[in-house]
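Below: upload.pdb (PDB, C-alpha atoms)
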```pdb
ATOM      1  CA  MET H   1     -49.226-128.189  80.741
ATOM      2  CA  LEU H   2     -52.867-128.789  81.531
ATOM      3  CA  GLN H   3     -55.185-130.282  78.943
ATOM      4  CA  ALA H   4     -57.136-127.752  76.858
ATOM      5  CA  ASN H   5     -60.483-128.573  78.479
ATOM      6  CA  GLU H   6     -58.965-128.252  81.962
ATOM      7  CA  ILE H   7     -57.460-124.866  81.073
ATOM      8  CA  GLN H   8     -60.874-123.708  79.877
ATOM      9  CA  ARG H   9     -62.520-125.012  83.056
ATOM     10  CA  ARG H  10     -59.957-123.312  85.295
ATOM     11  CA  PHE H  11     -60.148-120.095  83.294
ATOM     12  CA  SER H  12     -63.914-120.109  83.681
ATOM     13  CA  SER H  13     -63.336-120.013  87.464
ATOM     14  CA  VAL H  14     -60.905-117.124  86.990
ATOM     15  CA  GLU H  15     -63.442-115.231  84.863
ATOM     16  CA  HIS H  16     -66.118-115.759  87.500
ATOM     17  CA  ALA H  17     -63.793-114.462  90.235
ATOM     18  CA  ILE H  18     -62.887-111.403  88.132
ATOM     19  CA  GLY H  19     -66.596-110.787  87.545
ATOM     20  CA  GLN H  20     -67.269-110.922  91.281
ATOM     21  CA  ALA H  21     -64.452-108.443  91.935
ATOM     22  CA  SER H  22     -65.812-106.175  89.214
ATOM     23  CA  GLN H  23     -69.301-106.273  90.742
ATOM     24  CA  ALA H  24     -67.910-105.576  94.204
ATOM     25  CA  CYS H  25     -65.923-102.669  92.770
ATOM     26  CA  SER H  26     -69.061-101.221  91.186
ATOM     27  CA  ALA H  27     -70.946-101.487  94.485
ATOM     28  CA  GLU H  28     -68.125 -99.918  96.505
ATOM     29  CA  ARG H  29     -68.080 -96.146  96.900
ATOM     30  CA  ASN H  30     -64.508 -95.377  97.919
ATOM     31  CA  VAL H  31     -62.458 -97.638  95.671
ATOM     32  CA  PRO H  32     -58.928 -96.321  95.107
ATOM     33  CA  GLY H  33     -58.301 -95.452  91.456
ATOM     34  CA  GLU H  34     -55.463 -97.959  91.173
ATOM     35  CA  LEU H  35     -57.697-100.803  92.331
ATOM     36  CA  ARG H  36     -60.526 -99.778  90.010
ATOM     37  CA  ASP H  37     -58.021 -99.590  87.120
ATOM     38  CA  CYS H  38     -56.603-103.051  87.901
ATOM     39  CA  ILE H  39     -60.032-104.650  87.998
ATOM     40  CA  GLU H  40     -61.178-102.931  84.802
ATOM     41  CA  ARG H  41     -58.012-104.061  83.020
ATOM     42  CA  LEU H  42     -58.429-107.603  84.347
ATOM     43  CA  ASP H  43     -62.000-107.664  83.090
ATOM     44  CA  LYS H  44     -60.983-106.494  79.599
ATOM     45  CA  GLN H  45     -57.971-108.796  79.366
ATOM     46  CA  ALA H  46     -60.017-111.780  80.521
ATOM     47  CA  ASP H  47     -62.386-111.167  77.609
ATOM     48  CA  MET H  48     -59.468-111.112  75.166
ATOM     49  CA  ALA H  49     -57.925-114.179  76.802
ATOM     50  CA  LYS H  50     -60.634-116.475  75.453
ATOM     51  CA  ASN H  51     -59.086-116.252  71.982
ATOM     52  CA  VAL H  52     -55.645-117.009  73.383
ATOM     53  CA  ILE H  53     -56.946-120.086  75.200
ATOM     54  CA  GLN H  54     -58.683-121.344  72.071
ATOM     55  CA  SER H  55     -55.410-120.997  70.151
ATOM     56  CA  ASN H  56     -53.867-123.774  72.312
ATOM     57  CA  ASP H  57     -50.546-121.891  72.062
ATOM     58  CA  GLU H  58     -48.865-122.792  75.360
ATOM     59  CA  ARG H  59     -46.463-119.837  75.296
ATOM     60  CA  ARG H  60     -49.237-117.299  74.662
ATOM     61  CA  ILE H  61     -51.484-118.879  77.305
ATOM     62  CA  ARG H  62     -48.723-118.749  79.929
ATOM     63  CA  GLN H  63     -47.905-115.130  79.051
ATOM     64  CA  MET H  64     -51.556-114.129  79.216
ATOM     65  CA  VAL H  65     -52.003-115.788  82.621
ATOM     66  CA  ASP H  66     -48.768-114.188  83.878
ATOM     67  CA  ASP H  67     -50.047-110.764  82.790
ATOM     68  CA  LEU H  68     -53.402-111.335  84.485
ATOM     69  CA  GLU H  69     -51.703-112.517  87.658
ATOM     70  CA  GLN H  70     -49.511-109.398  87.788
ATOM     71  CA  LEU H  71     -52.648-107.250  87.676
ATOM     72  CA  GLY H  72     -54.148-109.470  90.376
ATOM     73  CA  ASP H  73     -51.021-108.926  92.494
ATOM     74  CA  ARG H  74     -51.403-105.157  92.132
ATOM     75  CA  ALA H  75     -55.064-105.337  93.119
ATOM     76  CA  LYS H  76     -54.232-107.423  96.180
ATOM     77  CA  ARG H  77     -51.459-105.003  97.207
ATOM     78  CA  VAL H  78     -53.895-102.072  97.054
ATOM     79  CA  CYS H  79     -56.358-104.000  99.230
ATOM     80  CA  SER H  80     -53.604-104.772 101.726
ATOM     81  CA  SER H  81     -52.288-101.197 101.815
ATOM     82  CA  GLY H  82     -54.821-100.041 104.370
ATOM     83  CA  ALA H  83     -57.388 -98.740 101.896
ATOM     84  CA  ASP H  84     -60.815 -98.320 103.494
ATOM     85  CA  LEU H  85     -62.647-101.142 101.720
ATOM     86  CA  THR H  86     -65.525-103.380 102.716
ATOM     87  CA  GLN H  87     -64.848-106.987 103.611
ATOM     88  CA  GLN H  88     -66.799-108.017 100.493
ATOM     89  CA  MET H  89     -64.402-106.057  98.273
ATOM     90  CA  LYS H  90     -61.311-107.447  99.991
ATOM     91  CA  SER H  91     -62.704-110.973  99.843
ATOM     92  CA  ALA H  92     -63.532-110.676  96.129
ATOM     93  CA  VAL H  93     -60.025-109.424  95.307
ATOM     94  CA  ASN H  94     -58.367-112.118  97.432
ATOM     95  CA  HIS H  95     -60.474-114.835  95.795
ATOM     96  CA  MET H  96     -59.662-113.498  92.328
ATOM     97  CA  HIS H  97     -55.952-113.380  93.174
ATOM     98  CA  HIS H  98     -56.077-116.937  94.506
ATOM     99  CA  GLU H  99     -57.744-118.243  91.319
ATOM    100  CA  LEU H 100     -55.179-116.472  89.120
ATOM    101  CA  SER H 101     -52.254-117.759  91.196
ATOM    102  CA  GLU H 102     -53.579-121.324  91.122
ATOM    103  CA  LEU H 103     -53.938-121.261  87.344
ATOM    104  CA  LYS H 104     -50.463-119.774  86.931
ATOM    105  CA  HIS H 105     -48.877-122.463  89.105
ATOM    106  CA  GLN H 106     -50.706-125.211  87.221
ATOM    107  CA  LEU H 107     -49.436-123.880  83.892
ATOM    108  CA  HIS H 108     -45.771-123.570  84.919
TER     109      HIS H 108
END
```

As structure tokens - that is how I would like this structure written.
Amino acid sequence: MLQANEIQRRFSSVEHAIGQASQACSAERNVPGELRDCIERLDKQADMAKNVIQSNDERRIRQMVDDLEQLGDRAKRVCSSGADLTQQMKSAVNHMHHELSELKHQLH
């Protein structure tokens, strides 16, 4: 398991990536509902995750990151399904997914 300060640092990168995806989603006109839902849920769960990280409960932190990564997987699948999205939107979702996957692998 990563040290608490490293988890917070890595999660800060995840939050930033989710924020970028959320901004790209807001700027995009034809975002599929499933993608918009995934990003909104990621944004809300990331806010709640701060309390989990501060708890230093390894099991809860892993579960929270797993849940976030599953939403990230869904978002990436929608982007890869041929949806008509800008490169900025696809890039933001791919970056967010990468950050979530990296954190998950570092925690397990």

Item to check | Residue nearest H:Val52 among H:Met64, H:Ser81, H:Asp73, H:Leu103 (counting all atoms listed in the file) | outcome: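 Smallest separation from H:Val52 among the options: H:Met64.
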
Checklist entry - Of the residues H:Asp84, H:Lys44, H:Gly19, H:Gln3, which is the one nearest to H:Asp57, using all atoms listed in the file? => result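 Using all atoms listed in the file, the shortest distance to H:Asp57 belongs to H:Gln3.
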
Checklist entry - So which one's closest to H:Lys50, H:Ser22, H:Ser91, H:Ser12, H:Ser101? Using only C-alpha atoms, please. => result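 Counting only C-alpha atoms, the residue closest to H:Lys50 is H:Ser12.
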
Item to check | Neighbour list for H:Cys25 as a list in words, cut-off 8 Å, only C-alpha atoms, skip fewer than 5 positions in-chain | outcome: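 Listing them by chain and then by number gives Val31, Arg36, Ile39 and Met89 of chain H.
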
Checklist entry - Taking only C-alpha atoms into account, which of H:Gln54, H:Gln45, H:Gln23, H:Asn5 comes nearest H:Val93? => result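 When distances to H:Val93 are compared using only C-alpha atoms, the smallest one comes from H:Gln23.
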
Item to check | Given all atoms listed in the file as the counted atoms, nearest of H:Arg10, H:Arg62, H:His16, H:Lys76 to H:Glu34 | outcome: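 Result for the nearest residue to H:Glu34: H:Lys76.
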
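If you count all atoms listed in the file and ignore residues fewer than 6 places along the chain from H:Gln87, what sits within 12 Å of it is H:Ala21, H:Ala24, H:Cys25, H:Glu28, H:Cys79, H:Ser80, H:Val93, H:Asn94, H:His95.
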
Item to check | Best match for closeness to H:Ile53 among H:Glu102, H:Glu6, H:Asp37, H:Asp67, counting all atoms listed in the file | outcome: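 Looking at the shortest contact to H:Ile53, the residue is H:Glu6.
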
Item to check | Between atom CA of H:His97 and atom CA of H:Gly72 - distance in Å to one decimal | outcome: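 A separation of 5.1 Å between them.
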
Checklist entry - How far is it from atom CA of H:Ile18 to atom CA of H:Glu40, in Å with one decimal? => result 9.3 Å

From the coordinates I just gave you, please extract stretch 15-106 of chain H so that only C-alpha atoms remain, then output it as a compact mmCIF listing (two decimals), in the first residue's frame.
```txt
# COMPACT_ATOMS: atom_id res chain seq x y z
CA GLU H 15 -9.28 14.62 -9.32
CA HIS H 16 -7.63 16.97 -11.80
CA ALA H 17 -8.16 14.48 -14.64
CA ILE H 18 -11.83 14.02 -13.66
CA GLY H 19 -12.22 17.80 -13.59
CA GLN H 20 -10.77 18.08 -17.09
CA ALA H 21 -13.16 15.40 -18.35
CA SER H 22 -16.06 17.19 -16.68
CA GLN H 23 -15.09 20.49 -18.32
CA ALA H 24 -14.72 18.81 -21.71
CA CYS H 25 -18.13 17.19 -21.22
CA SER H 26 -19.70 20.57 -20.46
CA ALA H 27 -18.15 22.09 -23.59
CA GLU H 28 -19.23 19.20 -25.82
CA ARG H 29 -22.63 19.38 -27.49
CA ASN H 30 -23.37 15.79 -28.45
CA VAL H 31 -22.22 13.82 -25.42
CA PRO H 32 -24.01 10.47 -25.10
CA GLY H 33 -26.11 10.29 -21.94
CA GLU H 34 -24.15 7.32 -20.61
CA LEU H 35 -20.87 9.21 -20.87
CA ARG H 36 -22.32 12.33 -19.25
CA ASP H 37 -23.73 10.15 -16.43
CA CYS H 38 -20.37 8.41 -15.87
CA ILE H 39 -18.49 11.69 -15.66
CA GLU H 40 -21.05 13.27 -13.34
CA ARG H 41 -20.92 10.23 -11.05
CA LEU H 42 -17.11 10.26 -11.11
CA ASP H 43 -17.11 13.92 -10.16
CA LYS H 44 -19.49 13.35 -7.22
CA GLN H 45 -17.72 10.22 -6.00
CA ALA H 46 -14.33 11.92 -6.20
CA ASP H 47 -15.64 14.61 -3.85
CA MET H 48 -16.81 11.96 -1.38
CA ALA H 49 -13.55 10.04 -1.75
CA LYS H 50 -11.57 12.70 0.11
CA ASN H 51 -13.11 11.54 3.40
CA VAL H 52 -12.28 7.93 2.59
CA ILE H 53 -8.65 8.81 1.86
CA GLN H 54 -8.35 10.76 5.09
CA SER H 55 -9.66 7.73 7.00
CA ASN H 56 -6.49 5.78 6.05
CA ASP H 57 -8.68 2.65 5.87
CA GLU H 58 -6.90 0.58 3.21
CA ARG H 59 -9.93 -1.58 2.42
CA ARG H 60 -12.24 1.42 1.95
CA ILE H 61 -9.64 3.26 -0.14
CA ARG H 62 -9.16 0.27 -2.45
CA GLN H 63 -12.93 -0.19 -2.82
CA MET H 64 -13.44 3.48 -3.57
CA VAL H 65 -10.69 3.46 -6.22
CA ASP H 66 -12.10 0.24 -7.72
CA ASP H 67 -15.54 1.87 -7.97
CA LEU H 68 -14.09 4.98 -9.60
CA GLU H 69 -12.09 2.89 -12.04
CA GLN H 70 -15.19 0.93 -13.08
CA LEU H 71 -16.92 4.21 -13.94
CA GLY H 72 -13.78 5.26 -15.81
CA ASP H 73 -13.90 1.98 -17.76
CA ARG H 74 -17.51 2.67 -18.74
CA ALA H 75 -16.63 6.19 -19.86
CA LYS H 76 -13.74 4.90 -21.95
CA ARG H 77 -15.94 2.22 -23.55
CA VAL H 78 -18.49 4.87 -24.59
CA CYS H 79 -15.70 6.95 -26.14
CA SER H 80 -14.42 3.91 -28.01
CA SER H 81 -17.87 2.85 -29.23
CA GLY H 82 -17.83 5.19 -32.20
CA ALA H 83 -19.62 8.08 -30.51
CA ASP H 84 -19.12 11.35 -32.40
CA LEU H 85 -16.89 13.14 -29.90
CA THR H 86 -14.16 15.73 -30.26
CA GLN H 87 -10.56 14.71 -29.81
CA GLN H 88 -10.44 16.89 -26.68
CA MET H 89 -13.27 14.88 -25.10
CA LYS H 90 -11.71 11.54 -26.01
CA SER H 91 -8.31 12.68 -24.76
CA ALA H 92 -9.75 13.90 -21.44
CA VAL H 93 -11.56 10.59 -20.86
CA ASN H 94 -8.49 8.54 -21.80
CA HIS H 95 -6.29 10.60 -19.48
CA MET H 96 -8.79 10.24 -16.64
CA HIS H 97 -8.99 6.48 -17.21
CA HIS H 98 -5.20 6.21 -17.24
CA GLU H 99 -4.88 8.10 -13.93
CA LEU H 100 -7.54 5.90 -12.30
CA SER H 101 -5.94 2.70 -13.59
CA GLU H 102 -2.49 3.76 -12.39
CA LEU H 103 -3.78 4.51 -8.90
CA LYS H 104 -5.67 1.21 -8.78
CA HIS H 105 -2.58 -0.78 -9.78
CA GLN H 106 -0.46 1.03 -7.20
```
